[in-house]
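Trainee: One structure coming up, written as structure tokens, with questions to follow.
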There are 2 protein chains.
Amino acid sequence: MSLVLDPAAQDLLFREARTANTFTDEPVTEEQVQAIYDLVKYGPTSMNQSPLRITLVRSAEARERLVGLMAEGNQKKTATAPLVAILSADNEFHEELPALFPHFPQAKDTVFSAREVREGSAALNASLQAAYFIIGVRAAGLAAGPMTGVDFAGIQKEFLDDDHTPLMVINIGKPGEDAWFPRSPRLEYDQVVTTV
Amino acid sequence: MSLVLDPAAQDLLFREARTANTFTDEPVTEEQVQAIYDLVKYGPTSMNQSPLRITLVRSAEARERLVGLMAEGNQKKTATAPLVAILSADNEFHEELPALFPHFPQAKDTVFSAREVREGSAALNASLQAAYFIIGVRAAGLAAGPMTGVDFAGIQKEFLDDDHTPLMVINIGKPGEDAWFPRSPRLEYDQVVTTV
């Protein structure tokens with residue numbers, strides 16, 4: 001075994017974890033989301049810029065608006081998941097940089113003075129954090145159902161503002177009946193990895 | 001405890017794992033990289049598109065070329081890390097989609113017929129997979145040192161082709177002496193999470 005991570009943890013996070021399409025009624029509590037965040041906040045980002053923002057859609061009114069912005073094939077599961085979260089990138093993350101990256105407080109006004117540079121960096125780093133969040137949901141014993149089949153412009157308008165770019169919507173909960181399709185194949189090592 | 005993941009695994013992957021700046025001489029073997037890939041390949045991507053590609057820089061000649069393309073502050077650690085990997089997004093991932101997503105073999109020629117659409121989707125999904133890979137490196141008991149302070153255009157020209165967009169360079173190995181700075185602060189839950 002080349003991995004030191006406990007095999008049960010490998011299964012929980014990767015091998016047996018699946019993108020769920022159905023969920024039980026069991027609620028996802030605020031304490032669970034806090035525990036997930038308190039774990040995955042330590043995942044690395046460039047200069048610790050930490051641009052991911054999370055919008056928990058908990059009210060019935062907000063859920064209904066969100067469902068209307070999902071692709072048709074995503075609507076039913078988004079309507080019935082115990083919790084739905086909108087993940088976005090904060091393009092004004094540089095405002096927090098002097099606190100987050102005290103080694104180089106000038107970064108806010110030099111490296112990241114241009115919005116275009118911030119948008120590129122926020123997209124990459126918030127995507128990394130989105131993956132850490134998915135892993136964290138699984139670490140809480142829950143299934144994540146990340147979706148990009150959404151009306152991104154509509155979500156930005158209805159739920160965010162001009163400074164936040166939506167990345168994905170994630171259904172969260174305990175998997176229900178027939179929660180997933182058979183697992184699709186993955187690329188072989190030699191299709192992905194080359195050595196120079 | 002709201003998490004079901006074993007606390008030792010939480011520490012290994014998030015709480016005690018750190019971005020290393022120095023490494024020991026212990027090699028990172030092909031078997032370790034294969035074990036990492038065989039774990040993290042299961043991380044979810046949109047339509048299972050799996051666009052991440054990994055270039056392992058193992059030869060002295062290639063390492064020297066790569067070091068010359070790193071920002072000055074990243075050169076020494078990139079020169080001395082046991083293994084360095086270039087992570088990139090394959091913008092032609094749709095060629096593999098009929099095998100990877102057999103539910104919807106038409107996706108290759110419909111949803112992803114336009115290069116611009118593929119580039120956006122590959123950037124997001126390869127970034128998710130880059131995060132899974134960082135977690136996988138840690139699952140192997142190794143430290144990852146992801147870096148975006150690099151000459152991306154130079155890396156694309158020297159190591160990739162027009163169909164692959166470089167995302168980051170990662171040093172991999174056992175942490176050496178004085179491997180890291182004190183951990184920088186993270187945002188509080190209420191700075192990141194809002195509820196609607």
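Each chain in the structure tokens gets a letter, A, B and so on, in the order shown; residues start at 1 in every chain, and ligands are counted from 1 in the order they appear.
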Report as a PyMOL selection string the set of chain A residues whose atoms approach chain B to within 6 Å, with distances computed over only C-alpha atoms.
Mentor: chain A and resi 2-5+14+32+42+53-58+100+127-128+131+139-141+185+192-196
Trainee: Just want the 9 Å neighbourhood of Val67 of chain A, counted on only C-alpha atoms, with same-chain residues fewer than 6 positions away dropped. Output as a PDB file with N, CA, C and O atoms, in the first residue's frame.
Mentor:
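Produced file result_39.pdb, reproduced below:
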ATOM      1  N   ASN A  74     -31.978  18.761 -13.352  1.00  0.00           N
ATOM      2  CA  ASN A  74     -31.490  18.999 -11.987  1.00  0.00           C
ATOM      3  C   ASN A  74     -32.570  19.525 -11.043  1.00  0.00           C
ATOM      4  O   ASN A  74     -32.310  19.696  -9.846  1.00  0.00           O
ATOM      5  N   GLN A  75     -33.760  19.803 -11.582  1.00  0.00           N
ATOM      6  CA  GLN A  75     -34.768  20.502 -10.766  1.00  0.00           C
ATOM      7  C   GLN A  75     -35.319  19.638  -9.633  1.00  0.00           C
ATOM      8  O   GLN A  75     -35.414  20.086  -8.490  1.00  0.00           O
ATOM      9  N   LYS A  76     -35.667  18.392  -9.944  1.00  0.00           N
ATOM     10  CA  LYS A  76     -36.333  17.568  -8.929  1.00  0.00           C
ATOM     11  C   LYS A  76     -35.410  17.330  -7.735  1.00  0.00           C
ATOM     12  O   LYS A  76     -35.802  17.461  -6.577  1.00  0.00           O
ATOM     13  N   THR A  78     -32.859  19.117  -6.804  1.00  0.00           N
ATOM     14  CA  THR A  78     -32.605  20.367  -6.087  1.00  0.00           C
ATOM     15  C   THR A  78     -33.807  20.763  -5.238  1.00  0.00           C
ATOM     16  O   THR A  78     -33.660  21.382  -4.181  1.00  0.00           O
ATOM     17  N   ALA A  79     -35.001  20.388  -5.672  1.00  0.00           N
ATOM     18  CA  ALA A  79     -36.204  20.700  -4.890  1.00  0.00           C
ATOM     19  C   ALA A  79     -36.299  19.842  -3.637  1.00  0.00           C
ATOM     20  O   ALA A  79     -36.889  20.261  -2.633  1.00  0.00           O
TER      21      ALA A  79
END
Trainee: Mind checking DSSP for segment 10-142 of chain A and telling me the alpha helix (DSSP H) residues as a VMD selection string?
Mentor: chain A and resid 10 30 to 40 60 to 67 72 to 80 97 to 100 115 to 139
Trainee: How would you write, as a list in words, the set of residues in segment 129-189 of chain A that DSSP gives as strand (DSSP E)?
Mentor: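 So, restricting segment 129-189 of chain A to strand (DSSP E), we get Ala143, Ala144, Gly145, Pro146, Met147, His164, Thr165, Pro166, Leu167, Met168, Val169, Ile170, Asn171, Ile172 and Gly173 of chain A.
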Trainee: What does the distance between atom CA of Leu69 of chain B and atom CA of Val169 of chain B come to in Å, to one decimal place?
Mentor: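 A separation of 10.5 Å between them.
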Trainee: Report, in Å to a single decimal, how far apart atom CA of Glu26 of chain A and atom CA of Ser88 of chain A are.
Mentor: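 According to the coordinates, atom CA of Ser88 of chain A and atom CA of Glu26 of chain A are separated by 25.7 Å.
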Trainee: Kindly give the distance, in Å, that separates atom CA of Asn171 of chain B and atom CA of Ala81 of chain B, rounded to a single decimal.
Mentor: 5.7 Å
